[in-house]
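Engineer: Below is the file upload_38.txt, with compact mmCIF, C-alpha atoms.
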# COMPACT_ATOMS: atom_id res chain seq x y z
CA MET C 1 91.22 121.39 66.89
CA SER C 2 92.18 122.10 63.29
CA THR C 3 93.53 120.45 60.16
CA ALA C 4 97.01 121.14 61.57
CA ASN C 5 96.09 119.04 64.62
CA ASP C 6 94.85 116.30 62.32
CA ALA C 7 98.12 116.35 60.37
CA ARG C 8 100.10 116.08 63.62
CA PHE C 9 97.96 113.14 64.75
CA TRP C 10 98.59 111.22 61.51
CA ASN C 11 102.28 112.12 61.58
CA ARG C 12 102.57 110.64 65.09
CA THR C 13 100.73 107.45 64.20
CA SER C 14 102.09 106.93 60.67
CA ARG C 15 104.58 104.16 61.45
CA LYS C 16 102.06 102.21 63.50
CA TYR C 17 99.44 102.74 60.79
CA ALA C 18 101.85 101.40 58.18
CA THR C 19 102.26 98.10 60.02
CA GLY C 20 98.52 97.52 60.54
CA ALA C 21 96.82 94.66 58.72
CA ILE C 22 93.93 95.22 56.33
CA ALA C 23 90.81 94.21 58.26
CA ASP C 24 88.98 92.67 55.28
CA PRO C 25 91.53 91.64 52.60
CA VAL C 26 88.93 90.04 50.34
CA GLY C 27 86.73 93.14 50.48
CA TYR C 28 89.76 95.31 49.78
CA GLU C 29 90.64 93.27 46.69
CA ARG C 30 87.04 93.61 45.52
CA THR C 31 87.35 97.39 45.83
CA LEU C 32 90.60 97.40 43.88
CA ASP C 33 89.15 95.25 41.10
CA ARG C 34 86.02 97.39 40.82
CA THR C 35 88.02 100.60 40.74
CA ARG C 36 90.49 99.26 38.18
CA ALA C 37 87.57 98.34 35.91
CA LEU C 38 86.27 101.93 36.07
CA LEU C 39 89.59 103.56 35.15
CA GLU C 40 90.88 104.00 31.59
CA SER C 41 94.50 103.66 30.52
CA ASP C 42 94.66 107.36 29.54
CA ASP C 43 93.07 108.65 32.76
CA ARG C 44 94.66 111.27 34.98
CA VAL C 45 93.88 110.13 38.54
CA LEU C 46 93.99 111.92 41.87
CA GLU C 47 93.80 110.01 45.15
CA LEU C 48 93.00 111.99 48.29
CA GLY C 49 93.91 110.69 51.73
CA CYS C 50 96.24 108.05 50.27
CA GLY C 51 97.88 107.22 53.62
CA THR C 52 101.05 105.19 53.12
CA GLY C 53 100.29 104.57 49.46
CA THR C 54 99.11 100.97 49.45
CA THR C 55 96.19 101.54 47.08
CA ALA C 56 98.09 103.95 44.84
CA LEU C 57 100.87 101.43 44.33
CA ARG C 58 98.29 98.84 43.26
CA LEU C 59 96.41 101.07 40.78
CA ALA C 60 98.86 103.60 39.37
CA GLY C 61 100.43 101.36 36.75
CA ASP C 62 97.11 101.04 34.89
CA VAL C 63 96.58 104.76 34.12
CA GLN C 64 98.34 107.67 32.40
CA SER C 65 99.15 109.55 35.59
CA TYR C 66 98.37 109.12 39.28
CA LEU C 67 98.83 111.82 41.92
CA ALA C 68 98.42 110.40 45.44
CA THR C 69 98.08 112.95 48.25
CA ASP C 70 97.72 112.99 52.01
CA ILE C 71 97.59 115.64 54.74
CA SER C 72 100.39 113.87 56.64
CA ALA C 73 103.98 114.42 55.50
CA GLU C 74 105.05 111.33 57.46
CA MET C 75 102.50 109.16 55.67
CA ILE C 76 103.80 110.46 52.34
CA ALA C 77 107.40 109.77 53.45
CA ILE C 78 106.48 106.12 54.06
CA ALA C 79 104.66 105.97 50.71
CA ASN C 80 107.78 107.28 48.98
CA GLU C 81 109.89 104.64 50.73
CA LYS C 82 107.60 101.96 49.30
CA HIS C 83 107.67 103.62 45.90
CA ALA C 84 111.46 103.72 45.85
CA ALA C 85 111.51 99.94 46.35
CA GLY C 86 109.37 99.44 43.22
CA PRO C 87 109.13 102.63 41.16
CA ILE C 88 106.07 103.27 39.00
CA PRO C 89 106.71 106.08 36.49
CA GLU C 90 103.07 107.16 36.43
CA LEU C 91 102.89 107.69 40.20
CA VAL C 92 103.72 110.78 42.26
CA PHE C 93 103.15 111.16 46.02
CA SER C 94 102.60 114.62 47.50
CA THR C 95 101.65 116.16 50.86
CA ALA C 96 98.47 118.05 50.00
CA THR C 97 94.73 118.33 50.54
CA ALA C 98 91.97 118.81 47.98
CA GLU C 99 91.79 122.47 48.97
CA ALA C 100 95.49 122.97 48.20
CA LEU C 101 95.11 121.88 44.58
CA THR C 102 94.19 124.43 41.94
CA PRO C 103 91.28 123.58 39.61
CA GLU C 104 92.65 125.91 36.93
CA THR C 105 95.86 123.88 36.60
CA ASP C 106 94.93 120.50 38.07
CA GLN C 107 92.28 118.57 36.14
CA PHE C 108 91.62 114.88 36.62
CA ASP C 109 89.50 112.24 34.94
CA ALA C 110 88.96 110.44 38.24
CA VAL C 111 89.29 111.36 41.91
CA LEU C 112 89.50 108.58 44.49
CA GLY C 113 88.83 108.93 48.22
CA PHE C 114 89.02 105.73 50.27
CA ASN C 115 88.47 105.96 54.04
CA TYR C 116 88.70 109.70 53.54
CA LEU C 117 85.46 111.72 53.49
CA HIS C 118 84.64 111.14 57.17
CA LEU C 119 87.97 112.78 58.05
CA VAL C 120 87.42 116.11 56.28
CA ARG C 121 86.15 119.02 58.36
CA ASP C 122 84.03 120.67 55.64
CA LEU C 123 82.37 117.82 53.77
CA PRO C 124 80.24 119.98 51.42
CA GLY C 125 83.19 122.25 50.67
CA THR C 126 85.56 119.36 49.99
CA LEU C 127 83.04 117.71 47.67
CA ARG C 128 82.66 120.96 45.74
CA ARG C 129 86.44 121.23 45.39
CA ILE C 130 86.59 117.63 44.12
CA HIS C 131 83.90 118.53 41.59
CA ASP C 132 86.02 121.52 40.45
CA LEU C 133 89.13 119.35 40.11
CA LEU C 134 87.40 116.87 37.80
CA ALA C 135 87.27 117.19 34.04
CA ALA C 136 83.86 117.08 32.35
CA LYS C 137 82.04 113.82 33.12
CA GLY C 138 84.86 112.81 35.48
CA LEU C 139 84.34 110.13 38.12
CA PHE C 140 84.50 110.48 41.89
CA ILE C 141 84.97 107.08 43.53
CA SER C 142 84.79 106.77 47.30
CA LYS C 143 84.50 104.22 50.08
CA THR C 144 83.69 105.93 53.35
CA PRO C 145 82.88 104.83 56.92
CA CYS C 146 79.43 106.18 57.76
CA VAL C 147 79.76 106.51 61.52
CA GLY C 148 76.12 107.55 61.86
CA ASP C 149 75.05 104.06 60.79
CA MET C 150 77.30 102.38 63.36
CA ASN C 151 76.86 101.96 67.11
CA PRO C 152 75.58 105.35 68.39
CA LEU C 153 78.10 105.27 71.23
CA ILE C 154 80.94 105.57 68.71
CA GLY C 155 79.78 108.89 67.32
CA LEU C 156 78.20 110.38 70.43
CA ALA C 157 80.67 109.40 73.13
CA LEU C 158 83.76 107.44 72.08
CA LEU C 159 85.06 109.62 69.25
CA PRO C 160 84.69 112.97 71.09
CA ALA C 161 86.36 111.51 74.18
CA MET C 162 89.28 110.14 72.16
CA ARG C 163 89.70 113.43 70.29
CA ALA C 164 89.75 115.32 73.59
CA ILE C 165 92.83 113.39 74.76
CA GLY C 166 94.56 113.38 71.37
CA LYS C 167 93.88 109.72 70.63
CA ALA C 168 91.80 110.33 67.48
CA PRO C 169 91.62 112.86 64.65
CA TYR C 170 88.49 114.70 63.62
CA ALA C 171 85.81 112.34 62.27
CA GLY C 172 82.48 113.42 60.85
CA VAL C 173 79.34 111.56 61.90
CA PHE C 174 76.86 111.01 59.05
CA ARG C 175 74.70 108.27 57.60
CA ALA C 176 75.06 106.74 54.15
CA ALA C 177 71.87 108.46 52.99
CA GLU C 178 73.22 111.83 54.14
CA LEU C 179 76.53 111.21 52.36
CA SER C 180 74.71 110.49 49.11
CA GLN C 181 72.74 113.72 49.50
CA HIS C 182 75.94 115.70 49.99
CA ILE C 183 77.54 114.11 46.93
CA TYR C 184 74.50 114.90 44.78
CA ALA C 185 74.31 118.47 46.10
CA ALA C 186 77.97 119.02 45.14
CA GLY C 187 77.11 118.40 41.47
CA PHE C 188 77.38 114.65 41.01
CA ASP C 189 75.06 111.94 39.74
CA ILE C 190 75.50 108.72 41.70
CA LEU C 191 75.95 105.79 39.32
CA ALA C 192 76.37 102.98 41.86
CA THR C 193 76.36 102.34 45.60
CA GLU C 194 77.83 98.99 46.62
CA SER C 195 79.01 97.04 49.65
CA HIS C 196 82.34 95.30 49.23
CA ALA C 197 82.56 93.93 52.76
CA THR C 198 82.87 90.19 53.18
CA LYS C 199 82.47 90.08 56.95
CA GLY C 200 80.57 92.02 59.58
CA ASN C 201 78.46 95.15 59.21
CA ASP C 202 80.97 97.34 57.43
CA HIS C 203 78.88 100.51 56.84
CA ARG C 204 81.40 101.74 54.25
CA PRO C 205 79.47 102.22 51.00
CA TYR C 206 81.50 102.17 47.80
CA ILE C 207 80.06 105.02 45.73
CA VAL C 208 80.68 105.79 42.07
CA ALA C 209 79.56 109.29 41.06
CA ARG C 210 79.88 111.25 37.82
CA LYS C 211 80.35 115.01 37.54
CA ARG C 212 77.27 116.71 36.12
Could you rewrite the structure in this file as structure tokens?

Structural biologist:
Amino acid sequence: MSTANDARFWNRTSRKYATGAIADPVGYERTLDRTRALLESDDRVLELGCGTGTTALRLAGDVQSYLATDISAEMIAIANEKHAAGPIPELVFSTATAEALTPETDQFDAVLGFNYLHLVRDLPGTLRRIHDLLAAKGLFISKTPCVGDMNPLIGLALLPAMRAIGKAPYAGVFRAAELSQHIYAAGFDILATESHATKGNDHRPYIVARKR
């Protein structure tokens, strides 16, 4: 399995993904409001793993520029369809990963990663690249499923079995405490860790971190 396999998986499932309902709409709105409050009108924002662009379309109009990226070209195609129906001048969608962006030419005041970090294959490496892409004192804002804090059967049996038959992409298994350690080790100070869920045991901490 490789990132190319992951891209093919998301390309295959993009249309179905686009029609799925948000599991916790109130929690999602809380995340949007909190993120909007952290961003400044002159910020240059990068979103990684933007999917079909739902969050980008909600936030991009409040900042100077917003680059929304995803590994899946089909996801980005759907995002561009949405964007064409209601253009936002500040927003650009692009098929890319954090590793494909160049720190020397791409500098951002904030990097967002929602439902993203558990899907990267090299978590420490990706976090270091995010750190490099941020301007001084820039913010990294994430909300990530911590599979290690969920039912052990999910991480130990269900996910590997589904990946083996092509029914799931790569997904890293870590706990919230481990994620925080990785973020700190990559050169960030964690400013806040919050839960925005309004139902169930979500295990998706919303983390605000500042580049040291």

Engineer: Can you pull out the residues contacting range 41-45 of chain C? Cut-off 12 Å, using all atoms listed in the file, and skip same-chain residues under 6 positions away; I want them as JSON, numbers by chain.

Structural biologist: {"C": [35, 56, 59, 60, 61, 62, 63, 64, 65, 66, 67, 68, 69, 90, 91, 92, 93, 106, 107, 108, 109, 110, 111, 112, 113, 130, 133, 134, 135, 138, 139, 140, 141]}

Engineer: One decimal, Å: what's the distance from CA of Asn11 in chain C over to CA of Leu48 in chain C, could you say?

Structural biologist: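 Rounded to one decimal, the two atoms are 16.2 Å apart.
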
Engineer: For Arg212 in chain C, which residue among C:Thr144, C:Leu117, C:His196, C:Arg128 is the nearest when counting all atoms listed in the file?

Structural biologist: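 Nearest candidate to Arg212 in chain C out of C:Thr144, C:Leu117, C:His196, C:Arg128: C:Arg128.
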
Engineer: So which one's closest to His118 in chain C, C:His131, C:Ser72, C:Val173, C:Ala79? Using all atoms listed in the file, please.

Structural biologist: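 Among the listed residues, C:Val173 lies closest to His118 in chain C.
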
Engineer: Put a box with edges along x, y and z around all the listed atoms of range 58-67 of chain C, pad it by 6 Å on each side, then give me its centre and sizes in Å, one decimal, as lines of an AutoDock Vina configuration file.

Structural biologist:
center_x = 98.4
center_y = 105.3
center_z = 37.8
size_x = 16.0
size_y = 25.0
size_z = 22.9

Engineer: Using only C-alpha atoms, can you tell me which of C:Glu40, C:Ser180, C:Ser14, C:Arg58 comes closest to Asp70 in chain C?

Structural biologist: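 Smallest separation from Asp70 in chain C among the options: C:Ser14.
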
Engineer: Restricting the calculation to only C-alpha atoms: of C:Ser2, C:Glu194, C:Arg210, C:Asp149, which residue gets closest to Arg175 in chain C?

Structural biologist: C:Asp149

Engineer: What separation in Å, quoted to one decimal, exists between CA of Ala171 in chain C and CA of Val147 in chain C?

Structural biologist: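 So the answer is 8.4 Å.
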
Engineer: Pick the closest to Ala77 in chain C from C:Ala98, C:Leu46, C:Ala18, C:Leu127: which is it, counting all atoms listed in the file?

Structural biologist: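 Selected residue with least distance to Ala77 in chain C: C:Ala18.
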
Engineer: Restricting the calculation to only C-alpha atoms: of C:Lys143, C:Glu178, C:Val208, C:Cys50, which residue gets closest to Ile190 in chain C?

Structural biologist: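 Ranked by minimum distance to Ile190 in chain C, first place goes to C:Val208.
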
Engineer: To one decimal place, how far is CA of Pro89 in chain C from CA of Thr31 in chain C in Å?

Structural biologist: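 Interatomic distance here is 23.2 Å.
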
Engineer: Give as JSON, numbers by chain each residue that has an atom at most 9 Å from (85.8, 94.9, 55.9) in the file, counting only C-alpha atoms.

Structural biologist: {"C": [22, 23, 24, 25, 26, 27, 28, 196, 197, 198, 199, 200, 201, 202, 203, 204]}
